[in-house]
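Asker: There's a structure below that I have some questions on.
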Amino acid sequence: AAAAAAAAAAAAAAAAAQGFTLRSPQQIAAAKKRGKSVETERGTDAFNDLPQGPFSSKDAIAHAYERSAKKNGQLMPFFTAHRAASKSRGEQRTLCCPFGAKERTGKGTGARKSAPKFELDNSNICKWSVTFEWSTVGWVILRARLVHSNHTCDAPKVLSEAESSLTFTEHDSKIPDQLVNLVTDDIKLLSPSIEAIKRFIDAKAQVLKIEITWLYNDVYNLFSTSLAEKEYDATGLVELLIERRDKLGLAYKIRHGKDGRLAQVFFEMEGAAGEWALRGE
């Protein structure tokens with residue numbers, strides 16, 4: 001409880017420093033409804049059946065709601081609307097039903113490009129959505145509209161015991177906490193490559209009947225630093241190269257190996273360009 005209170009205080013202080021205020025879950029629950037929206041009441045069975053949070057990241061929300069959609073035979077929701085933080089509240093994000101993805105003539109990028117596309121008309125366009133707000137304790141539900149339109153859905157899926165109990169709160173990653181925690185400090189002492197770690201995590205997921213939704217980069221982002229620092233300590237190197245670039249205009253380039261270790265560093269030496277110009281080579 002003390003740790004949670006300290007984390008909440010730190011989040012509030014960080015928000016204040018950036019010029020906006022985070023609300024508590026209680027304040028968000030008591031927030032006035034938007035007049036034009038038909039919202040599902042808090043306390044109803046439909047609302048209580050939603051994964052409630054708080055969630056530490058967007059990935060944690062997405063995984064929880066994907067798991068819920070599979071279990072209930074619904075289509076996978078996706079993030080669409082985004083409202084930046086303001087002086088009176090935190091950032092807000094909305095999950096929508098794929099049948100809420102409007103057809104667009106432009107190419108678009110990001111969510112517009114990757115959102116599922118269906119042939120929509122007045123009979124099947126869906127207003128199902130859940131909006132989250134970044135609060136003093138993480139992402140919590142602000143409002144929800146939980147009625148689907150007359151569109152097709154998937155058959156409910158029986159989740160394995162392991163898949164039903166997955167969490168995504170400890171590491172801010174697409175990889176479940178339960179699999180990440182299997183890579184212990186003792187395993188890291190062996191300095192395995194990122195590829196070896198991914199094979200291990202994937203194999204364990206298959207044994208536990210957990211769907212593999214993560215990529216090599218997700219494993220790299222979690223373990224590359226902890227593995228690389230054991231063999232090559234380049235503390236301060238990048239900062240120095242950036243400082244030389246900004247103050248002296250000296251270029252640099254860094255390459256890493258597949259295992260996350262520092263492989264090559266290229267940098268322009270001061271005066272080298274002038275020396276090259278004088279020699280004409």
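Please note that chains go A, B, ... in the order of the structure tokens, that every chain numbers its residues from 1, and that ligands are numbered from 1 in the order shown.
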Hey, what's within 10 Å of Leu222 (chain A) if we count only C-alpha atoms and toss same-chain stuff fewer than 6 positions away? As a list in words, please?
Answerer: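 So, after excluding close chain neighbours, the residues are His171, Asp172, Ser173, Ile175, Val180 and Ile194 of chain A.
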Asker: Grab the residues selected above and save them as a CSV table (one decimal), in the first residue's frame with N, CA, C and O atoms.
Answerer:
```csv
chain,number,residue,atom,x,y,z
A,171,HIS,N,6.3,-5.2,-16.6
A,171,HIS,CA,7.4,-4.9,-17.5
A,171,HIS,C,7.1,-4.0,-18.7
A,171,HIS,O,7.9,-3.7,-19.5
A,172,ASP,N,5.8,-3.6,-18.8
A,172,ASP,CA,5.4,-2.7,-19.9
A,172,ASP,C,5.8,-3.3,-21.2
A,172,ASP,O,6.5,-2.6,-22.0
A,173,SER,N,5.4,-4.5,-21.5
A,173,SER,CA,5.8,-5.2,-22.7
A,173,SER,C,4.7,-6.0,-23.2
A,173,SER,O,3.7,-6.3,-22.5
A,175,ILE,N,5.1,-9.0,-24.0
A,175,ILE,CA,5.3,-10.4,-23.5
A,175,ILE,C,4.8,-10.5,-22.1
A,175,ILE,O,5.0,-9.6,-21.2
A,180,VAL,N,8.3,-13.4,-19.0
A,180,VAL,CA,9.5,-12.6,-18.8
A,180,VAL,C,10.2,-13.0,-17.5
A,180,VAL,O,11.4,-13.1,-17.5
A,194,ILE,N,19.9,-12.7,-27.6
A,194,ILE,CA,18.5,-12.4,-27.7
A,194,ILE,C,17.7,-13.5,-28.4
A,194,ILE,O,16.6,-13.8,-28.0
```
Asker: So how many Å separate CA of Trp128 (chain A) and CA of Ala30 (chain A), to one decimal?
Answerer: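 Computing it gives 21.4 Å between the two atoms.
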Asker: Would you work out the distance separating CA of His148 (chain A) from CA of Ser129 (chain A), expressed in Å to one decimal?
Answerer: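 Pair CA of His148 (chain A) / CA of Ser129 (chain A) returns 9.2 Å.
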Asker: When distances are computed from only C-alpha atoms, which of A:Leu166, A:Leu179, A:Leu248, A:Val147 shows the smallest separation from Ala46 (chain A)?
Answerer: A:Val147
